[in-house]
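Enquirer: Got entry15.cif for you, mmCIF, C-alpha atoms:
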```cif
data_work
loop_
_atom_site.label_atom_id
_atom_site.label_comp_id
_atom_site.auth_asym_id
_atom_site.auth_seq_id
_atom_site.Cartn_x
_atom_site.Cartn_y
_atom_site.Cartn_z
CA MET E 1 -77.34 -21.49 67.67
CA SER E 2 -80.34 -20.57 65.55
CA THR E 3 -82.49 -23.20 63.93
CA GLU E 4 -85.42 -22.95 61.54
CA VAL E 5 -87.37 -25.32 63.79
CA PRO E 6 -87.75 -23.67 67.20
CA TYR E 7 -89.58 -26.48 68.98
CA ALA E 8 -86.75 -29.02 68.79
CA ALA E 9 -84.29 -26.74 70.58
CA ASP E 10 -83.35 -29.74 72.75
CA ALA E 11 -81.54 -31.13 69.73
CA GLU E 12 -79.05 -28.26 69.81
CA LEU E 13 -78.80 -27.45 73.51
CA SER E 14 -76.59 -29.38 75.91
CA LEU E 15 -76.50 -29.40 79.68
CA SER E 16 -73.29 -28.35 81.38
CA TYR E 17 -71.07 -30.82 83.19
CA ASP E 18 -72.21 -29.35 86.52
CA GLU E 19 -75.90 -29.73 85.64
CA ILE E 20 -75.42 -33.37 84.66
CA GLU E 21 -73.32 -33.94 87.78
CA VAL E 22 -76.21 -32.82 90.03
CA LEU E 23 -78.49 -35.37 88.34
CA ARG E 24 -75.81 -38.09 88.54
CA ARG E 25 -75.26 -37.50 92.27
CA GLN E 26 -79.00 -37.81 92.97
CA PHE E 27 -79.17 -41.00 90.91
CA GLN E 28 -76.14 -42.50 92.70
CA LYS E 29 -77.47 -41.50 96.12
CA GLU E 30 -80.75 -43.31 95.49
CA GLU E 31 -78.89 -46.28 93.99
CA GLU E 32 -76.78 -46.56 97.15
CA GLU E 33 -79.98 -46.42 99.24
CA GLY E 34 -81.29 -49.41 97.30
CA HIS E 35 -84.07 -47.81 95.27
CA VAL E 36 -83.91 -45.34 92.39
CA THR E 37 -87.23 -43.63 91.74
CA THR E 38 -88.50 -43.56 88.18
CA GLN E 39 -88.45 -39.75 88.26
CA THR E 40 -84.79 -39.61 89.33
CA LYS E 41 -83.88 -42.15 86.66
CA PHE E 42 -85.80 -40.16 84.04
CA ASN E 43 -84.18 -36.87 85.10
CA TYR E 44 -80.70 -38.39 84.88
CA ALA E 45 -81.47 -40.02 81.51
CA TRP E 46 -82.85 -36.70 80.22
CA GLY E 47 -79.67 -34.91 81.27
CA LEU E 48 -77.45 -37.56 79.71
CA VAL E 49 -79.32 -37.40 76.40
CA LYS E 50 -78.74 -33.64 76.41
CA SER E 51 -74.99 -34.14 76.97
CA PRO E 52 -72.55 -33.32 74.17
CA GLN E 53 -70.68 -36.59 74.93
CA ARG E 54 -71.77 -39.66 72.99
CA GLU E 55 -71.05 -42.15 75.80
CA GLN E 56 -73.35 -40.19 78.10
CA GLN E 57 -76.03 -40.06 75.39
CA VAL E 58 -75.78 -43.85 75.02
CA LEU E 59 -76.28 -44.32 78.77
CA GLY E 60 -79.20 -41.87 78.73
CA VAL E 61 -80.92 -43.78 75.93
CA ARG E 62 -80.34 -47.07 77.77
CA LEU E 63 -81.95 -45.68 80.94
CA LEU E 64 -84.88 -44.30 78.97
CA GLN E 65 -85.38 -47.69 77.31
CA GLU E 66 -85.47 -49.31 80.75
CA ILE E 67 -88.16 -46.86 81.86
CA TYR E 68 -90.07 -47.34 78.59
CA LYS E 69 -90.14 -51.11 79.10
CA SER E 70 -90.92 -51.16 82.82
CA GLU E 71 -93.27 -48.17 83.23
CA PRO E 72 -96.12 -48.22 80.67
CA LYS E 73 -97.56 -44.97 82.08
CA ARG E 74 -94.27 -43.16 81.36
CA ARG E 75 -93.82 -44.38 77.78
CA ARG E 76 -95.17 -41.29 76.08
CA GLU E 77 -92.75 -38.97 77.84
CA CYS E 78 -89.84 -41.31 77.07
CA LEU E 79 -90.56 -41.39 73.33
CA TYR E 80 -89.42 -37.85 72.54
CA TYR E 81 -86.14 -38.19 74.45
CA LEU E 82 -85.48 -41.63 72.98
CA ALA E 83 -85.95 -40.11 69.53
CA LEU E 84 -83.80 -37.12 70.49
CA GLY E 85 -81.03 -39.32 71.92
CA HIS E 86 -80.87 -41.46 68.82
CA TYR E 87 -80.91 -38.34 66.64
CA LYS E 88 -78.00 -36.80 68.54
CA MET E 89 -76.03 -40.05 68.20
CA GLY E 90 -76.72 -40.20 64.46
CA ASN E 91 -78.99 -43.28 64.73
CA TYR E 92 -81.56 -41.75 62.43
CA GLU E 93 -83.61 -44.89 61.77
CA ASP E 94 -84.15 -45.45 65.51
CA ALA E 95 -84.83 -41.74 65.97
CA LYS E 96 -87.49 -41.90 63.22
CA LYS E 97 -89.04 -45.01 64.79
CA PHE E 98 -89.46 -43.50 68.27
CA ASN E 99 -90.53 -40.13 66.91
CA ALA E 100 -93.13 -41.77 64.66
CA LEU E 101 -94.58 -43.58 67.69
CA LEU E 102 -94.92 -40.24 69.47
CA ILE E 103 -96.51 -38.54 66.46
CA GLU E 104 -98.92 -41.46 66.18
CA LYS E 105 -99.99 -40.87 69.80
CA GLU E 106 -99.88 -37.06 69.56
CA PRO E 107 -100.23 -35.86 65.96
CA THR E 108 -100.11 -32.18 66.99
CA ASN E 109 -96.98 -32.46 69.15
CA MET E 110 -94.83 -29.60 67.85
CA GLN E 111 -91.60 -30.93 69.37
CA ALA E 112 -92.06 -34.25 67.60
CA GLN E 113 -92.99 -32.55 64.33
CA SER E 114 -89.93 -30.32 64.40
CA LEU E 115 -87.66 -33.21 65.42
CA GLU E 116 -89.04 -35.15 62.46
CA THR E 117 -87.93 -32.28 60.21
CA LEU E 118 -84.44 -32.32 61.74
CA ILE E 119 -84.17 -36.10 61.37
CA ASP E 120 -85.31 -35.98 57.73
CA SER E 121 -82.82 -33.19 56.98
CA SER E 122 -79.98 -35.18 58.53
CA VAL E 123 -80.94 -38.32 56.60
CA ALA E 124 -81.01 -36.31 53.37
CA ARG E 125 -77.66 -34.67 54.19
CA GLU E 126 -76.09 -38.09 54.87
CA GLY E 127 -77.54 -39.32 51.59
CA TYR E 128 -75.93 -36.46 49.69
CA ILE E 129 -72.60 -37.09 51.38
CA GLY E 130 -72.87 -40.78 50.52
CA MET E 131 -73.63 -39.96 46.89
CA ALA E 132 -70.67 -37.57 46.72
CA ILE E 133 -68.34 -40.22 48.16
CA ALA E 134 -69.68 -42.86 45.76
CA GLY E 135 -69.33 -40.43 42.85
CA GLY E 136 -65.77 -39.63 43.83
CA ALA E 137 -64.91 -43.32 44.14
CA ALA E 138 -66.44 -44.02 40.71
CA ALA E 139 -64.44 -41.16 39.17
CA LEU E 140 -61.23 -42.41 40.78
CA GLY E 141 -61.96 -45.94 39.54
CA THR E 142 -62.52 -44.62 36.03
CA LEU E 143 -59.21 -42.73 36.11
CA LEU E 144 -57.33 -45.81 37.36
CA LEU E 145 -58.94 -47.99 34.71
CA ALA E 146 -58.09 -45.44 32.00
CA GLY E 147 -54.48 -45.40 33.24
CA LEU E 148 -54.27 -49.19 33.10
CA ILE E 149 -55.76 -49.28 29.60
CA ARG E 150 -53.20 -46.71 28.36
CA LYS E 151 -50.32 -48.79 29.75
CA ALA E 152 -51.58 -51.94 28.02
#
```
Can I see the file as C-alpha cells?
Expert:
Amino acid sequence: MSTEVPYAADAELSLSYDEIEVLRRQFQKEEEEGHVTTQTKFNYAWGLVKSPQREQQVLGVRLLQEIYKSEPKRRRECLYYLALGHYKMGNYEDAKKFNALLIEKEPTNMQAQSLETLIDSSVAREGYIGMAIAGGAAALGTLLLAGLIRKA
C-alpha cells in the first residue's frame, strides 16, 4: 500500500498472526516464570499495536502505557507507538497528544512528523464525513417539515 508519507509506514503495515504469536509466547513464558522484562513487554506491545485487530491494539496500547508510567527511561520510545496505536484505533485526539509529546522532545523526528500528517488527514476526513452526515440530516429534516406543512 503506497502512502505519500513514507516514514509512518508502521501505520499501514501489520504483523502476521505468526509474528505476533512468537512475541506472545515469549511474554507468556516470562510471565509464568514470574518476571516479564521491560524489553519483552515492549516487543509484545509493539507487535500488538501493529496488529490489524482492534482488541490486540487496545492491549498493546495498555502495555505501552504501563511501560511509559513505570520506566521513565523508556518513555520516548513508547510515545511513537502509543501515538500509532491510538491512530490505528481511530482515537485521534490521544494520537495527537502522544505524537505532540514526541515532537516536542524530538522536533526533527521524521516518523512523528509523518504520523502527524496522517493523523491530521484522518481528523479532516472525519470532519468532512461528519459535515456530510449533518448536511444530509438537515436536508431530510427540511423535506419532512415541508411535507408536514403541505398536509396542514
Enquirer: So, counting all atoms listed in the file, which residue among E:Lys50, E:Arg24, E:Lys88, E:Lys105 is closest to E:Arg75?
Expert: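 Nearest candidate to E:Arg75 out of E:Lys50, E:Arg24, E:Lys88, E:Lys105: E:Lys105.
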Enquirer: Within 12 Å of (-80.3, -43.6, 78.2) (file coordinates; only C-alpha atoms), which protein or nucleic acid residues are there? I'd like them as a ChimeraX atom specification.
Expert: /E:41-51,54-68,78-79,81-86,89
Enquirer: I need the output of the PyMOL selection byres ((chain E and resi 92) around 12) for this file as a ChimeraX atom specification; which residues are they?
Expert: /E:82-91,93-100,115-127
Enquirer: Grab the atom CA of E:Lys69 to atom CA of E:Gln39 distance for me, in Å with one decimal place.
Expert: 14.7 Å
Enquirer: What is the atom CA of E:Thr38-atom CA of E:Arg76 distance in Å, reported with one decimal?
Expert: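 We find that atom CA of E:Thr38 and atom CA of E:Arg76 lie 14.0 Å from each other.
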Enquirer: Spell out the residues picked by the PyMOL selection byres ((chain E and resi 112) around 8) here, as a list of chain:residue names.
Expert: E:Ala8, E:Tyr80, E:Asn99, E:Leu102, E:Ile103, E:Asn109, E:Met110, E:Gln111, E:Gln113, E:Ser114, E:Leu115, E:Glu116
